[in-house]
Each structure stands twice: as C-alpha cells, then as structure tokens.
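A.B. asks: Okay, so here is model_23.cif, and as you'll see once you scroll down, it has mmCIF, C-alpha atoms.
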data_input
loop_
_atom_site.group_PDB
_atom_site.id
_atom_site.type_symbol
_atom_site.label_atom_id
_atom_site.label_comp_id
_atom_site.auth_asym_id
_atom_site.auth_seq_id
_atom_site.Cartn_x
_atom_site.Cartn_y
_atom_site.Cartn_z
ATOM 1 C CA ALA A 647 -27.426 -27.567 69.404
ATOM 2 C CA PRO A 648 -26.259 -24.532 67.428
ATOM 3 C CA ALA A 649 -28.900 -22.069 66.253
ATOM 4 C CA VAL A 650 -29.768 -22.312 62.587
ATOM 5 C CA ALA A 651 -30.035 -19.003 60.769
ATOM 6 C CA GLU A 652 -33.126 -18.572 58.622
ATOM 7 C CA VAL A 653 -32.172 -18.049 55.007
ATOM 8 C CA PRO A 654 -34.520 -15.829 52.997
ATOM 9 C CA ALA A 655 -36.125 -17.304 49.898
ATOM 10 C CA PRO A 656 -34.427 -16.417 46.621
ATOM 11 C CA ALA A 657 -35.830 -13.425 44.743
ATOM 12 C CA GLY A 658 -38.820 -14.223 42.567
ATOM 13 C CA THR A 659 -40.026 -17.209 44.603
ATOM 14 C CA VAL A 660 -43.275 -17.441 46.479
ATOM 15 C CA SER A 661 -43.157 -18.241 50.182
ATOM 16 C CA ALA A 662 -45.409 -20.869 51.715
ATOM 17 C CA PRO A 663 -48.860 -19.667 52.824
ATOM 18 C CA PRO A 664 -49.172 -18.828 56.511
ATOM 19 C CA ALA A 665 -50.426 -21.513 58.873
ATOM 20 C CA ASP A 666 -54.191 -21.834 59.244
ATOM 21 C CA LYS A 667 -55.685 -19.104 61.408
ATOM 22 C CA GLY A 668 -57.003 -20.093 64.815
ATOM 23 C CA PHE A 669 -60.596 -20.138 65.949
ATOM 24 C CA MET A 670 -60.516 -16.772 67.771
ATOM 25 C CA THR A 671 -58.700 -15.057 64.891
ATOM 26 C CA LYS A 672 -61.433 -16.187 62.528
ATOM 27 C CA ILE A 673 -64.160 -15.029 64.941
ATOM 28 C CA VAL A 674 -62.585 -11.577 65.339
ATOM 29 C CA SER A 675 -62.080 -11.332 61.571
ATOM 30 C CA ALA A 676 -65.737 -12.244 60.950
ATOM 31 C CA ALA A 677 -66.874 -9.618 63.468
ATOM 32 C CA ALA A 678 -64.689 -6.971 61.791
ATOM 33 C CA GLN A 679 -66.154 -7.820 58.384
ATOM 34 C CA GLY A 680 -69.613 -7.565 59.905
ATOM 35 C CA CYS A 681 -68.797 -4.102 61.306
ATOM 36 C CA THR A 682 -67.650 -2.866 57.895
ATOM 37 C CA ALA A 683 -70.800 -4.151 56.219
ATOM 38 C CA ALA A 684 -72.905 -2.708 59.051
ATOM 39 C CA THR A 685 -71.528 0.781 58.510
ATOM 40 C CA VAL A 686 -72.210 0.791 54.762
ATOM 41 C CA ALA A 687 -75.682 -0.701 55.223
ATOM 42 C CA ALA A 688 -76.551 1.794 57.985
ATOM 43 C CA ILE A 689 -75.788 4.721 55.697
ATOM 44 C CA LEU A 690 -77.979 3.290 52.924
ATOM 45 C CA SER A 691 -80.757 2.160 55.274
ATOM 46 C CA ALA A 692 -81.069 5.511 57.031
ATOM 47 C CA PHE A 693 -82.786 6.868 53.919
ATOM 48 C CA THR A 694 -84.272 3.833 52.209
ATOM 49 C CA GLU A 695 -85.915 2.068 55.173
ATOM 50 C CA PRO A 696 -88.254 4.897 56.188
ATOM 51 C CA LEU A 697 -89.086 5.472 52.518
ATOM 52 C CA VAL A 698 -89.946 1.804 51.880
ATOM 53 C CA ASN A 699 -91.908 1.564 55.140
ATOM 54 C CA ARG A 700 -94.021 4.528 54.097
ATOM 55 C CA LEU A 701 -94.696 2.880 50.746
ATOM 56 C CA LEU A 702 -95.552 -0.554 52.145
ATOM 57 C CA VAL A 703 -97.047 0.131 55.573
ATOM 58 C CA LYS A 704 -98.633 3.554 55.195
ATOM 59 C CA ARG A 705 -99.537 2.815 51.540
ATOM 60 C CA MET A 706 -98.324 6.228 50.375
ATOM 61 C CA THR A 707 -97.418 6.986 46.804
ATOM 62 C CA PHE A 708 -93.734 7.331 46.039
ATOM 63 C CA GLY A 709 -94.123 11.100 45.713
ATOM 64 C CA GLN A 710 -95.853 11.379 49.095
ATOM 65 C CA ALA A 711 -93.283 9.154 50.807
ATOM 66 C CA PHE A 712 -90.352 10.962 49.185
ATOM 67 C CA ALA A 713 -91.810 14.358 50.163
ATOM 68 C CA GLU A 714 -91.746 13.297 53.819
ATOM 69 C CA MET A 715 -88.047 12.445 53.661
ATOM 70 C CA THR A 716 -85.675 15.115 54.969
ATOM 71 C CA PHE A 717 -81.965 15.185 55.669
ATOM 72 C CA ALA A 718 -82.704 15.776 59.359
ATOM 73 C CA ALA A 719 -84.996 12.724 59.522
ATOM 74 C CA THR A 720 -82.430 10.607 57.668
ATOM 75 C CA ALA A 721 -79.613 11.746 59.971
ATOM 76 C CA THR A 722 -81.756 11.074 63.025
ATOM 77 C CA PHE A 723 -82.690 7.591 61.794
ATOM 78 C CA PHE A 724 -79.003 6.887 61.092
ATOM 79 C CA LEU A 725 -78.584 7.086 64.873
ATOM 80 C CA THR A 726 -80.856 4.023 64.964
ATOM 81 C CA THR A 727 -79.563 2.133 61.904
ATOM 82 C CA PHE A 728 -75.900 2.374 62.840
ATOM 83 C CA PRO A 729 -76.006 0.893 66.358
ATOM 84 C CA THR A 730 -78.576 -1.749 65.417
ATOM 85 C CA ASN A 731 -76.470 -2.795 62.412
ATOM 86 C CA MET A 732 -73.387 -2.882 64.640
ATOM 87 C CA LEU A 733 -75.243 -5.518 66.648
ATOM 88 C CA LYS A 734 -76.885 -7.441 63.816
ATOM 89 C CA PHE A 735 -74.119 -7.797 61.227
ATOM 90 C CA PRO A 736 -71.286 -8.920 63.529
ATOM 91 C CA VAL A 737 -73.637 -11.297 65.386
ATOM 92 C CA PHE A 738 -74.616 -12.946 62.089
ATOM 93 C CA GLU A 739 -70.981 -13.269 60.998
ATOM 94 C CA VAL A 740 -69.886 -14.680 64.360
ATOM 95 C CA ILE A 741 -72.748 -17.223 64.435
ATOM 96 C CA ASN A 742 -71.882 -18.225 60.874
ATOM 97 C CA MET A 743 -68.177 -18.586 61.691
ATOM 98 C CA ILE A 744 -68.827 -20.591 64.868
ATOM 99 C CA LEU A 745 -71.139 -22.938 62.968
ATOM 100 C CA SER A 746 -68.482 -23.421 60.283
ATOM 101 C CA PHE A 747 -66.458 -25.289 62.926
ATOM 102 C CA THR A 748 -69.261 -27.832 63.374
ATOM 103 C CA SER A 749 -69.869 -30.945 61.319
ATOM 104 C CA LEU A 750 -73.357 -29.772 60.325
ATOM 105 C CA SER A 751 -74.181 -29.877 56.616
ATOM 106 C CA GLY A 752 -74.532 -26.539 54.829
ATOM 107 C CA SER A 753 -78.326 -26.561 54.775
ATOM 108 C CA ILE A 754 -78.656 -27.559 58.437
ATOM 109 C CA ARG A 755 -76.040 -24.951 59.360
ATOM 110 C CA GLY A 756 -78.143 -22.364 57.513
ATOM 111 C CA ILE A 757 -81.295 -23.374 59.383
ATOM 112 C CA VAL A 758 -79.514 -23.234 62.755
ATOM 113 C CA ASN A 759 -77.919 -19.887 61.839
ATOM 114 C CA GLY A 760 -81.310 -18.458 60.839
ATOM 115 C CA PHE A 761 -82.985 -19.724 64.014
ATOM 116 C CA LEU A 762 -80.264 -18.349 66.292
ATOM 117 C CA PHE A 763 -79.983 -15.035 64.461
ATOM 118 C CA CYS A 764 -83.755 -14.429 64.409
ATOM 119 C CA THR A 765 -84.151 -15.414 68.050
ATOM 120 C CA ILE A 766 -81.310 -13.144 69.178
ATOM 121 C CA MET A 767 -81.904 -10.211 66.823
ATOM 122 C CA LEU A 768 -85.689 -9.987 66.346
ATOM 123 C CA PRO A 769 -86.073 -7.465 69.188
ATOM 124 C CA VAL A 770 -83.448 -5.270 67.513
ATOM 125 C CA THR A 771 -85.193 -5.549 64.148
ATOM 126 C CA ASN A 772 -88.602 -4.747 65.651
ATOM 127 C CA TYR A 773 -87.142 -1.812 67.591
ATOM 128 C CA ARG A 774 -85.689 -0.431 64.377
ATOM 129 C CA PHE A 775 -88.905 -0.945 62.397
ATOM 130 C CA ARG A 776 -91.031 0.789 65.035
ATOM 131 C CA LYS A 777 -88.496 3.623 65.206
ATOM 132 C CA SER A 778 -88.563 4.071 61.411
ATOM 133 C CA MET A 779 -92.363 4.292 61.494
ATOM 134 C CA GLY A 780 -92.386 6.718 64.423
ATOM 135 C CA TRP A 781 -94.384 4.226 66.481
ATOM 136 C CA GLU A 782 -94.250 3.734 70.228
ATOM 137 C CA ILE A 783 -91.664 1.214 71.373
ATOM 138 C CA LYS A 784 -92.912 -1.200 74.022
ATOM 139 C CA PRO A 785 -90.724 -4.048 75.304
ATOM 140 C CA ALA A 786 -93.680 -6.448 75.042
ATOM 141 C CA LEU A 787 -93.794 -5.884 71.256
ATOM 142 C CA LEU A 788 -90.132 -6.548 70.546
ATOM 143 C CA TYR A 789 -90.753 -10.265 69.856
ATOM 144 C CA GLN A 790 -93.861 -9.470 67.815
ATOM 145 C CA ALA A 791 -93.966 -11.627 64.671
ATOM 146 C CA TYR A 792 -91.484 -14.188 66.069
ATOM 147 C CA VAL A 793 -93.496 -17.218 64.955
ATOM 148 C CA PRO A 794 -94.042 -16.016 61.349
ATOM 149 C CA THR A 795 -90.390 -15.008 61.103
#
Could you express the structure from this file as structure tokens?

C.D. replies:
Amino acid sequence: APAVAEVPAPAGTVSAPPADKGFMTKIVSAAAQGCTAATVAAILSAFTEPLVNRLLVKRMTFGQAFAEMTFAATATFFLTTFPTNMLKFPVFEVINMILSFTSLSGSIRGIVNGFLFCTIMLPVTNYRFRKSMGWEIKPALLYQAYVPT
C-alpha cells in the first residue's frame, strides 16, 4: 500500500488533544510536581518550622523565638528540610497517582493514601521535628506518635 502523507491542519484550527498519557508518564509527572512543591516548601519551612516549634513546644514568646532565629540556623535547617521534603512530597504525589488508577471511592482513597503516607513518612517527619528542636535523634523514636497520627 502506498504511504499516505500527513496533511497539516489548516491555519486557525485546533488539533485534536494528545492521546491519554500512560501510567508511568503520570507517575513521573506527579513525582516532578512533588519535587517542585518540595523545593518551595523547604525554603519556607527552613525558617518557619523552628520558629513555630519554639512557640508551641518550648512555649517561648514570639520575641524570644524570633531572637533565636539566625540566617546560619535557617540555612543549616534547610539542609534538613530540603532532603526530607524531596522524600515526602514526591512520595505523596506518587501514592495519590497510583491510587487514582484504582476503583476506590474518593474518601476511601484518601484514607488509604493517609495511612500509607503516614506509615512510610512518619520516621522522616519525626527526624525533621527532632532536628528542628535540636533534640537527639534515636532510631527507636522515629515511629513515636504513630498511633495518634
């Protein structure tokens, strides 16, 4: 059979939307979106997390907590917020995307997503919290507060 040449659409017309993306393309896209969000959140969290933890855990006044904040401390804590966010955000997005391919209802999908995310990421969250407070990090404490969470 002779080859058929593809004729471009006339000027001013809209071409058909591309075919639906595949499973892996959607997973990689979700992970990339998670990485972008993780970077922005890490920058903001490097300053705000230690400040809030001083207010809520150490029961300092805002002035006392703010006085303890330095650029050096913020930059050092960024070295914690960035890698932990690069784990947490993409993992959440990937779990969410994988579950979107199931037949679970939205609310059940949310419960399963929350359970999986908390189970996988609680050690990372506890590591980060302890680091922001300047507390000792012990592997035995990384699942601390799992049941209440």

A.B. asks: If we count only C-alpha atoms, what is near Gly756 in chain A at a cut-off of 9 Å, once residues fewer than 4 positions away on the same chain are taken out, given as a list of chain:residue names?

C.D. replies: A:Asn742, A:Leu745, A:Ser751, A:Gly752, A:Gly760, A:Phe761

A.B. asks: If you keep C-alpha atoms, can you produce a file of those selected residues as a PDB file, keeping the file's coordinate frame?

C.D. replies:
ATOM      1  CA  ASN A 742     -71.882 -18.225  60.874  1.00  0.00           C
ATOM      2  CA  LEU A 745     -71.139 -22.938  62.968  1.00  0.00           C
ATOM      3  CA  SER A 751     -74.181 -29.877  56.616  1.00  0.00           C
ATOM      4  CA  GLY A 752     -74.532 -26.539  54.829  1.00  0.00           C
ATOM      5  CA  GLY A 760     -81.310 -18.458  60.839  1.00  0.00           C
ATOM      6  CA  PHE A 761     -82.985 -19.724  64.014  1.00  0.00           C
TER       7      PHE A 761
END

A.B. asks: How many Å separate CA of Ile744 in chain A from CA of Thr682 in chain A?

C.D. replies: 19.1 Å

A.B. asks: Any idea what the distance is between CA of Cys764 in chain A and CA of Phe669 in chain A?

C.D. replies: 23.9 Å

A.B. asks: Quick one: residues within 7 Å of range 689-698 of chain A, only C-alpha atoms, excluding same-chain residues fewer than 4 positions away - as a list in words?

C.D. replies: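 Contacts, in chain order: Thr685, Leu702, Ala711, Phe712, Thr720, Phe723, Phe724, Thr727, Ser778 and Met779 of chain A.
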
A.B. asks: Suppose you want the space between CA of Ala684 in chain A and CA of Thr748 in chain A; what is it in Å?

C.D. replies: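 Separation of CA of Ala684 in chain A and CA of Thr748 in chain A: 25.8 Å.
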
A.B. asks: I'd like to know which of A:Leu762, A:Met706, A:Ala713, A:Ala719 is closest to Val740 in chain A, using all atoms listed in the file.

C.D. replies: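 That would be A:Leu762, the residue with the smallest distance to Val740 in chain A.
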
A.B. asks: Gly780 in chain A: which residues within 12 Å, counting all atoms listed in the file, same-chain residues fewer than 3 positions away excluded, as JSON, numbers by chain?

C.D. replies: {"A": [696, 699, 700, 703, 704, 719, 722, 723, 726, 773, 774, 775, 776, 777, 783]}

A.B. asks: If you keep C-alpha atoms, can you produce a file of those selected residues as a short mmCIF file (atom, residue, chain, number, x, y, z; two decimals), in the frame of the given file?

C.D. replies:
data_model
loop_
_atom_site.label_atom_id
_atom_site.label_comp_id
_atom_site.auth_asym_id
_atom_site.auth_seq_id
_atom_site.Cartn_x
_atom_site.Cartn_y
_atom_site.Cartn_z
CA PRO A 696 -88.25 4.90 56.19
CA ASN A 699 -91.91 1.56 55.14
CA ARG A 700 -94.02 4.53 54.10
CA VAL A 703 -97.05 0.13 55.57
CA LYS A 704 -98.63 3.55 55.20
CA ALA A 719 -85.00 12.72 59.52
CA THR A 722 -81.76 11.07 63.02
CA PHE A 723 -82.69 7.59 61.79
CA THR A 726 -80.86 4.02 64.96
CA TYR A 773 -87.14 -1.81 67.59
CA ARG A 774 -85.69 -0.43 64.38
CA PHE A 775 -88.90 -0.94 62.40
CA ARG A 776 -91.03 0.79 65.04
CA LYS A 777 -88.50 3.62 65.21
CA ILE A 783 -91.66 1.21 71.37
#

A.B. asks: May I have the residues within 8 Å of range 731-736 of chain A as a PDB file with C-alpha atoms, in the coordinates of the input, using all atoms listed in the file and disregarding those fewer than 4 positions away in the same chain?

C.D. replies:
ATOM      1  CA  ALA A 676     -65.737 -12.244  60.950  1.00  0.00           C
ATOM      2  CA  ALA A 677     -66.874  -9.618  63.468  1.00  0.00           C
ATOM      3  CA  ALA A 678     -64.689  -6.971  61.791  1.00  0.00           C
ATOM      4  CA  GLN A 679     -66.154  -7.820  58.384  1.00  0.00           C
ATOM      5  CA  GLY A 680     -69.613  -7.565  59.905  1.00  0.00           C
ATOM      6  CA  CYS A 681     -68.797  -4.102  61.306  1.00  0.00           C
ATOM      7  CA  ALA A 683     -70.800  -4.151  56.219  1.00  0.00           C
ATOM      8  CA  ALA A 684     -72.905  -2.708  59.051  1.00  0.00           C
ATOM      9  CA  THR A 685     -71.528   0.781  58.510  1.00  0.00           C
ATOM     10  CA  ALA A 687     -75.682  -0.701  55.223  1.00  0.00           C
ATOM     11  CA  ALA A 688     -76.551   1.794  57.985  1.00  0.00           C
ATOM     12  CA  THR A 727     -79.563   2.133  61.904  1.00  0.00           C
ATOM     13  CA  VAL A 740     -69.886 -14.680  64.360  1.00  0.00           C
ATOM     14  CA  MET A 767     -81.904 -10.211  66.823  1.00  0.00           C
ATOM     15  CA  VAL A 770     -83.448  -5.270  67.513  1.00  0.00           C
TER      16      VAL A 770
END

A.B. asks: Set up a box along x, y and z of the file covering all listed atoms of range 721-731 of chain A, add 3 Å on every one of the six sides, and write the centre and edge lengths in Å to one decimal, as AutoDock Vina command-line options.

C.D. replies:
--center_x -79.3 --center_y 4.5 --center_z 63.2 --size_x 12.8 --size_y 20.5 --size_z 12.4

A.B. asks: Taking only C-alpha atoms into account, name the residue in A:Thr707, A:Asn759, A:Gln790, A:Thr765 that is nearest to Met743 in chain A.

C.D. replies: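 Looking at the shortest contact to Met743 in chain A, the residue is A:Asn759.
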
A.B. asks: I'd like the residues picked by the PyMOL selection byres ((chain A and resi 791) around 12) written out as a list in words, using the chain letters and numbers from the file.

C.D. replies: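 The output of the PyMOL selection byres ((chain A and resi 791) around 12) on this file is Cys764, Thr765, Leu768, Pro769, Thr771, Asn772, Ala786, Leu787, Leu788, Tyr789, Gln790, Tyr792, Val793, Pro794 and Thr795 of chain A.
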